[in-house]
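One file, upload29.pdb, carrying PDB, C-alpha atoms:
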ATOM      1  CA  MET A   7      -5.930   1.679   9.331  1.00  0.00           C
ATOM      2  CA  LYS A   8      -3.373   0.069   7.064  1.00  0.00           C
ATOM      3  CA  LEU A   9      -2.941  -2.989   4.872  1.00  0.00           C
ATOM      4  CA  THR A  10       0.044  -5.298   4.972  1.00  0.00           C
ATOM      5  CA  LEU A  11       0.995  -8.093   2.624  1.00  0.00           C
ATOM      6  CA  LEU A  12       2.997 -10.618   4.649  1.00  0.00           C
ATOM      7  CA  THR A  13       4.928 -13.158   2.598  1.00  0.00           C
ATOM      8  CA  VAL A  14       7.169 -16.123   3.266  1.00  0.00           C
ATOM      9  CA  GLY A  15      10.430 -15.740   1.376  1.00  0.00           C
ATOM     10  CA  LYS A  16      11.923 -12.867  -0.539  1.00  0.00           C
ATOM     11  CA  THR A  17      10.558 -11.685  -3.845  1.00  0.00           C
ATOM     12  CA  ASP A  18      13.577 -12.629  -5.943  1.00  0.00           C
ATOM     13  CA  ILE A  19      12.111 -12.771  -9.444  1.00  0.00           C
ATOM     14  CA  LYS A  20      12.942  -9.369 -10.944  1.00  0.00           C
ATOM     15  CA  TRP A  21       9.728  -8.784 -12.912  1.00  0.00           C
ATOM     16  CA  VAL A  22       7.575  -9.969  -9.989  1.00  0.00           C
ATOM     17  CA  LYS A  23       9.383  -7.531  -7.679  1.00  0.00           C
ATOM     18  CA  GLU A  24       8.968  -4.702 -10.201  1.00  0.00           C
ATOM     19  CA  GLY A  25       5.239  -5.385 -10.527  1.00  0.00           C
ATOM     20  CA  LEU A  26       4.782  -5.662  -6.769  1.00  0.00           C
ATOM     21  CA  ASP A  27       6.641  -2.390  -6.236  1.00  0.00           C
ATOM     22  CA  MET A  28       4.548  -0.676  -8.904  1.00  0.00           C
ATOM     23  CA  TYR A  29       1.224  -1.692  -7.352  1.00  0.00           C
ATOM     24  CA  ALA A  30       2.476  -1.014  -3.817  1.00  0.00           C
ATOM     25  CA  GLY A  31       3.286   2.526  -4.951  1.00  0.00           C
ATOM     26  CA  ARG A  32      -0.131   2.947  -6.537  1.00  0.00           C
ATOM     27  CA  LEU A  33      -1.860   1.610  -3.417  1.00  0.00           C
ATOM     28  CA  SER A  34      -0.089   4.172  -1.244  1.00  0.00           C
ATOM     29  CA  HIS A  35      -2.327   6.835  -2.822  1.00  0.00           C
ATOM     30  CA  TYR A  36      -5.357   5.171  -1.218  1.00  0.00           C
ATOM     31  CA  ILE A  37      -4.207   3.610   2.043  1.00  0.00           C
ATOM     32  CA  PRO A  38      -1.009   2.948   3.962  1.00  0.00           C
ATOM     33  CA  PHE A  39       0.294  -0.286   2.427  1.00  0.00           C
ATOM     34  CA  SER A  40       3.423  -2.294   3.112  1.00  0.00           C
ATOM     35  CA  VAL A  41       4.978  -5.602   2.176  1.00  0.00           C
ATOM     36  CA  THR A  42       6.735  -7.614   4.872  1.00  0.00           C
ATOM     37  CA  GLU A  43       8.890 -10.511   3.736  1.00  0.00           C
ATOM     38  CA  ILE A  44       9.730 -13.255   6.201  1.00  0.00           C
ATOM     39  CA  PRO A  45      13.063 -14.874   5.296  1.00  0.00           C
ATOM     40  CA  GLU A  46      12.867 -18.386   3.925  1.00  0.00           C
ATOM     41  CA  LEU A  47      13.948 -21.084   6.335  1.00  0.00           C
ATOM     42  CA  LYS A  48      17.538 -22.261   6.094  1.00  0.00           C
ATOM     43  CA  ASN A  49      18.828 -25.830   6.371  1.00  0.00           C
ATOM     44  CA  VAL A  50      15.441 -27.510   5.975  1.00  0.00           C
ATOM     45  CA  ALA A  51      16.362 -30.037   3.285  1.00  0.00           C
ATOM     46  CA  SER A  52      15.831 -32.908   5.727  1.00  0.00           C
ATOM     47  CA  ALA A  53      12.678 -31.438   7.280  1.00  0.00           C
ATOM     48  CA  GLY A  54       9.251 -32.673   6.274  1.00  0.00           C
ATOM     49  CA  ARG A  55       6.429 -30.515   4.957  1.00  0.00           C
ATOM     50  CA  GLU A  56       4.671 -30.325   8.310  1.00  0.00           C
ATOM     51  CA  GLN A  57       7.846 -29.238  10.093  1.00  0.00           C
ATOM     52  CA  ILE A  58       8.431 -26.528   7.496  1.00  0.00           C
ATOM     53  CA  LYS A  59       4.827 -25.311   7.802  1.00  0.00           C
ATOM     54  CA  GLU A  60       5.134 -25.218  11.602  1.00  0.00           C
ATOM     55  CA  LYS A  61       8.373 -23.219  11.529  1.00  0.00           C
ATOM     56  CA  GLU A  62       7.045 -20.819   8.902  1.00  0.00           C
ATOM     57  CA  GLY A  63       3.829 -20.548  10.910  1.00  0.00           C
ATOM     58  CA  GLU A  64       5.760 -19.444  13.989  1.00  0.00           C
ATOM     59  CA  LEU A  65       7.444 -16.710  11.949  1.00  0.00           C
ATOM     60  CA  ILE A  66       4.134 -15.601  10.441  1.00  0.00           C
ATOM     61  CA  LEU A  67       2.494 -15.365  13.857  1.00  0.00           C
ATOM     62  CA  LYS A  68       5.433 -13.340  15.229  1.00  0.00           C
ATOM     63  CA  ASN A  69       4.726 -10.746  12.538  1.00  0.00           C
ATOM     64  CA  VAL A  70       1.032 -10.395  13.375  1.00  0.00           C
ATOM     65  CA  ARG A  71      -0.212  -8.269  16.252  1.00  0.00           C
ATOM     66  CA  PRO A  72      -3.134  -9.430  18.420  1.00  0.00           C
ATOM     67  CA  GLN A  73      -5.345  -6.605  17.135  1.00  0.00           C
ATOM     68  CA  ASP A  74      -4.671  -7.313  13.429  1.00  0.00           C
ATOM     69  CA  GLU A  75      -7.238  -8.953  11.198  1.00  0.00           C
ATOM     70  CA  VAL A  76      -5.496 -11.806   9.385  1.00  0.00           C
ATOM     71  CA  ILE A  77      -6.679 -12.950   5.958  1.00  0.00           C
ATOM     72  CA  LEU A  78      -4.907 -15.872   4.286  1.00  0.00           C
ATOM     73  CA  LEU A  79      -4.461 -16.233   0.558  1.00  0.00           C
ATOM     74  CA  ASP A  80      -5.289 -19.901   0.349  1.00  0.00           C
ATOM     75  CA  GLU A  81      -6.442 -22.260  -2.384  1.00  0.00           C
ATOM     76  CA  ARG A  82      -9.388 -23.312  -0.191  1.00  0.00           C
ATOM     77  CA  GLY A  83     -10.493 -19.739   0.394  1.00  0.00           C
ATOM     78  CA  VAL A  84     -13.499 -17.867  -0.935  1.00  0.00           C
ATOM     79  CA  GLN A  85     -13.281 -16.832  -4.574  1.00  0.00           C
ATOM     80  CA  ARG A  86     -14.746 -13.470  -5.514  1.00  0.00           C
ATOM     81  CA  SER A  87     -14.969 -11.433  -8.669  1.00  0.00           C
ATOM     82  CA  SER A  88     -13.029  -8.161  -8.631  1.00  0.00           C
ATOM     83  CA  LEU A  89     -16.273  -6.255  -7.975  1.00  0.00           C
ATOM     84  CA  ALA A  90     -17.244  -8.574  -5.119  1.00  0.00           C
ATOM     85  CA  PHE A  91     -13.739  -8.354  -3.652  1.00  0.00           C
ATOM     86  CA  ALA A  92     -13.895  -4.545  -3.780  1.00  0.00           C
ATOM     87  CA  SER A  93     -17.252  -4.627  -1.989  1.00  0.00           C
ATOM     88  CA  TRP A  94     -15.923  -7.061   0.629  1.00  0.00           C
ATOM     89  CA  LEU A  95     -12.831  -4.928   1.219  1.00  0.00           C
ATOM     90  CA  GLU A  96     -14.851  -1.717   1.417  1.00  0.00           C
ATOM     91  CA  GLU A  97     -17.062  -3.303   4.081  1.00  0.00           C
ATOM     92  CA  LYS A  98     -13.990  -4.396   6.068  1.00  0.00           C
ATOM     93  CA  LEU A  99     -12.458  -0.929   5.841  1.00  0.00           C
ATOM     94  CA  SER A 100     -15.709   0.801   6.808  1.00  0.00           C
ATOM     95  CA  ARG A 101     -15.696  -1.026  10.128  1.00  0.00           C
ATOM     96  CA  GLY A 102     -12.370   0.654  10.866  1.00  0.00           C
ATOM     97  CA  GLY A 103     -10.077  -0.041  13.739  1.00  0.00           C
ATOM     98  CA  LYS A 104      -8.172  -3.142  12.768  1.00  0.00           C
ATOM     99  CA  ASP A 105      -5.257  -3.218  10.382  1.00  0.00           C
ATOM    100  CA  ILE A 106      -5.596  -6.002   7.847  1.00  0.00           C
ATOM    101  CA  VAL A 107      -2.737  -8.395   7.199  1.00  0.00           C
ATOM    102  CA  PHE A 108      -3.010 -10.523   4.068  1.00  0.00           C
ATOM    103  CA  VAL A 109      -0.700 -13.529   4.243  1.00  0.00           C
ATOM    104  CA  ILE A 110       0.892 -15.516   1.420  1.00  0.00           C
ATOM    105  CA  GLY A 111       2.456 -18.661   2.799  1.00  0.00           C
ATOM    106  CA  GLY A 112       5.328 -20.757   1.584  1.00  0.00           C
ATOM    107  CA  ALA A 113       5.281 -23.558  -0.950  1.00  0.00           C
ATOM    108  CA  TYR A 114       3.517 -25.977   1.425  1.00  0.00           C
ATOM    109  CA  GLY A 115       0.839 -23.632   2.739  1.00  0.00           C
ATOM    110  CA  PHE A 116       0.013 -22.803   6.348  1.00  0.00           C
ATOM    111  CA  SER A 117       0.270 -24.546   9.696  1.00  0.00           C
ATOM    112  CA  GLN A 118      -2.888 -25.241  11.668  1.00  0.00           C
ATOM    113  CA  LYS A 119      -1.945 -22.502  14.144  1.00  0.00           C
ATOM    114  CA  VAL A 120      -1.953 -19.946  11.326  1.00  0.00           C
ATOM    115  CA  TYR A 121      -5.324 -21.219  10.091  1.00  0.00           C
ATOM    116  CA  ASP A 122      -6.651 -20.933  13.646  1.00  0.00           C
ATOM    117  CA  ARG A 123      -5.447 -17.316  13.933  1.00  0.00           C
ATOM    118  CA  ALA A 124      -6.906 -16.237  10.595  1.00  0.00           C
ATOM    119  CA  GLY A 125     -10.188 -14.393  10.313  1.00  0.00           C
ATOM    120  CA  GLY A 126     -10.744 -15.467   6.728  1.00  0.00           C
ATOM    121  CA  ARG A 127      -9.338 -16.952   3.555  1.00  0.00           C
ATOM    122  CA  ILE A 128      -9.291 -15.721  -0.013  1.00  0.00           C
ATOM    123  CA  SER A 129      -8.587 -17.767  -3.126  1.00  0.00           C
ATOM    124  CA  LEU A 130      -7.524 -15.899  -6.239  1.00  0.00           C
ATOM    125  CA  SER A 131      -8.302 -18.766  -8.603  1.00  0.00           C
ATOM    126  CA  GLN A 132      -8.844 -22.474  -8.901  1.00  0.00           C
ATOM    127  CA  MET A 133      -5.502 -22.469 -10.691  1.00  0.00           C
ATOM    128  CA  THR A 134      -2.305 -22.796  -8.708  1.00  0.00           C
ATOM    129  CA  PHE A 135       0.177 -19.906  -8.840  1.00  0.00           C
ATOM    130  CA  SER A 136       3.666 -19.793  -7.398  1.00  0.00           C
ATOM    131  CA  HIS A 137       3.829 -18.013  -4.049  1.00  0.00           C
ATOM    132  CA  GLN A 138       6.083 -15.450  -5.748  1.00  0.00           C
ATOM    133  CA  ILE A 139       3.772 -14.539  -8.639  1.00  0.00           C
ATOM    134  CA  VAL A 140       0.717 -14.346  -6.392  1.00  0.00           C
ATOM    135  CA  ARG A 141       2.275 -11.320  -4.669  1.00  0.00           C
ATOM    136  CA  THR A 142       1.984  -9.150  -7.751  1.00  0.00           C
ATOM    137  CA  ILE A 143      -1.375 -10.584  -8.793  1.00  0.00           C
ATOM    138  CA  PHE A 144      -2.847  -9.858  -5.368  1.00  0.00           C
ATOM    139  CA  ALA A 145      -1.330  -6.369  -5.141  1.00  0.00           C
ATOM    140  CA  GLU A 146      -2.913  -5.604  -8.519  1.00  0.00           C
ATOM    141  CA  GLN A 147      -6.284  -6.849  -7.260  1.00  0.00           C
ATOM    142  CA  LEU A 148      -5.996  -4.651  -4.167  1.00  0.00           C
ATOM    143  CA  TYR A 149      -5.257  -1.670  -6.417  1.00  0.00           C
ATOM    144  CA  ARG A 150      -8.162  -2.609  -8.697  1.00  0.00           C
ATOM    145  CA  ALA A 151     -10.464  -2.827  -5.659  1.00  0.00           C
ATOM    146  CA  PHE A 152      -9.588   0.713  -4.599  1.00  0.00           C
ATOM    147  CA  THR A 153     -10.172   2.062  -8.101  1.00  0.00           C
ATOM    148  CA  ILE A 154     -13.566   0.324  -8.137  1.00  0.00           C
ATOM    149  CA  MET A 155     -14.441   1.795  -4.730  1.00  0.00           C
ATOM    150  CA  ARG A 156     -13.542   5.266  -6.006  1.00  0.00           C
ATOM    151  CA  GLY A 157     -15.291   4.856  -9.338  1.00  0.00           C
ATOM    152  CA  GLU A 158     -12.040   5.379 -11.227  1.00  0.00           C
ATOM    153  CA  PRO A 159     -11.696   4.151 -14.821  1.00  0.00           C
ATOM    154  CA  TYR A 160      -9.232   1.276 -14.266  1.00  0.00           C
ATOM    155  CA  HIS A 161     -11.687  -1.630 -14.096  1.00  0.00           C
ATOM    156  CA  HIS A 162     -13.947  -2.394 -17.061  1.00  0.00           C
ATOM    157  CA  GLU A 163     -17.033  -4.582 -16.823  1.00  0.00           C
TER     158      GLU A 163
END

Let's see the structure in the file written out as structure tokens.
Amino acid sequence: MKLTLLTVGKTDIKWVKEGLDMYAGRLSHYIPFSVTEIPELKNVASAGREQIKEKEGELILKNVRPQDEVILLDERGVQRSSLAFASWLEEKLSRGGKDIVFVIGGAYGFSQKVYDRAGGRISLSQMTFSHQIVRTIFAEQLYRAFTIMRGEPYHHE
């Protein structure tokens, strides 16, 4: 079993990339973890939001295998505390079998086809974060979840 963070667009903010790389490295001690970046669409200045979401959605779905469990990071998703997220993730992992792909969409969110393919949605906050910054925030929360599951002294309640 492995975890993948699938993102739309490259991580081009230096400190975001450094943070993402740091937590990706830490996560590799617990579970196979990778980040897959889908290139941003080119020549879409005249395209509308829905067209952009549809095209990005096609690229997202091409990067997901039929047997993968897909979880979207979405503002309308379920919010959990770090402890509750760790418990949720531990339950998912205990079932085994399916790799889990967490998806961060582009600036306009997801197409309906991506929503239809997803097995769940997570919201990190009621606040809005850029789709770049959320990468590092979520990778840190994944790392925190594993330290909670292992009883390691990273998380303080």

* **All residues 12 Å or closer to A:Ile37, all atoms listed in the file, same chain fewer than 6 positions away omitted, as a ChimeraX atom specification** => /A:7-10,30-31,96,99,105-106,148-149,151-153

* If you measure from atom CA of A:Ile139 to atom CA of A:Ser52, what distance in Å do you get, rounded to one decimal? ->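 A separation of 26.3 Å between them.
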
* To do: Give as a list in words the residues that the PyMOL selection byres ((chain A and resi 93) around 12) matches when applied to the coordinates above.
  => Arg86, Ser87, Ser88, Leu89, Ala90, Phe91, Ala92, Trp94, Leu95, Glu96, Glu97, Lys98, Leu99, Ser100, Leu148, Arg150, Ala151, Phe152, Thr153, Ile154, Met155 and Arg156 of chain A

* Would you mind listing what lies within 12 Å of A:Lys23 as a ChimeraX atom specification, with only C-alpha atoms counted and same-chain residues fewer than 3 positions away left out? => /A:16-20,26-30,41,43,138-143,145

Write to file, as a CSV table (one decimal), in the frame of the given file, the residues of the selection just made, with C-alpha atoms.
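Saved result, out.csv, follows:
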chain,number,residue,atom,x,y,z
A,16,LYS,CA,11.9,-12.9,-0.5
A,17,THR,CA,10.6,-11.7,-3.8
A,18,ASP,CA,13.6,-12.6,-5.9
A,19,ILE,CA,12.1,-12.8,-9.4
A,20,LYS,CA,12.9,-9.4,-10.9
A,26,LEU,CA,4.8,-5.7,-6.8
A,27,ASP,CA,6.6,-2.4,-6.2
A,28,MET,CA,4.5,-0.7,-8.9
A,29,TYR,CA,1.2,-1.7,-7.4
A,30,ALA,CA,2.5,-1.0,-3.8
A,41,VAL,CA,5.0,-5.6,2.2
A,43,GLU,CA,8.9,-10.5,3.7
A,138,GLN,CA,6.1,-15.4,-5.7
A,139,ILE,CA,3.8,-14.5,-8.6
A,140,VAL,CA,0.7,-14.3,-6.4
A,141,ARG,CA,2.3,-11.3,-4.7
A,142,THR,CA,2.0,-9.2,-7.8
A,143,ILE,CA,-1.4,-10.6,-8.8
A,145,ALA,CA,-1.3,-6.4,-5.1

* At what distance in Å, to one decimal, does atom CA of A:Gln147 lie from atom CA of A:Leu33? ->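 Calculated distance between atom CA of A:Leu33 and atom CA of A:Gln147 is 10.3 Å.
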
* Asked: Rounded to one decimal in Å, what is the spacing between atom CA of A:Gly111 and atom CA of A:Ser131?
  ->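 Separation between atom CA of A:Gly111 and atom CA of A:Ser131: 15.7 Å.
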
* Nearby residues (all atoms listed in the file) at most 12 Å from stretch 65-79 of chain A, same-chain spacing under 6 positions excluded, as a PyMOL selection string -> chain A and resi 7-15+41-47+58-59+85+95+98-99+101-112+115-131+134-137+140-141+143-145

* Nearest to A:Gln132 among A:Glu24, A:Glu146, A:Asp80, A:Glu64, with distances taken over all atoms listed in the file: which residue is it? ->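 Checking each candidate against A:Gln132, we get A:Asp80 as the closest.
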
So that all listed atoms of stretch 128-136 of chain A fit with 6 Å spare on each side, what axis-aligned box centre and edge lengths in Å, to one decimal, would you give as JSON?
{"center_x": -2.8, "center_y": -19.3, "center_z": -5.4, "size_x": 25.0, "size_y": 19.1, "size_z": 22.7}

* Could you check which of A:His161, A:Arg32, A:Lys61, A:Arg82 is closest to A:Lys48, using all atoms listed in the file? =>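 Among the listed residues, A:Lys61 lies closest to A:Lys48.
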
* To do: Find the residue from A:Arg55, A:Glu60, A:Tyr160, A:Gly83 that sits nearest to A:Tyr114; use all atoms listed in the file when measuring.
  =>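 The closest residue to A:Tyr114 is A:Arg55.
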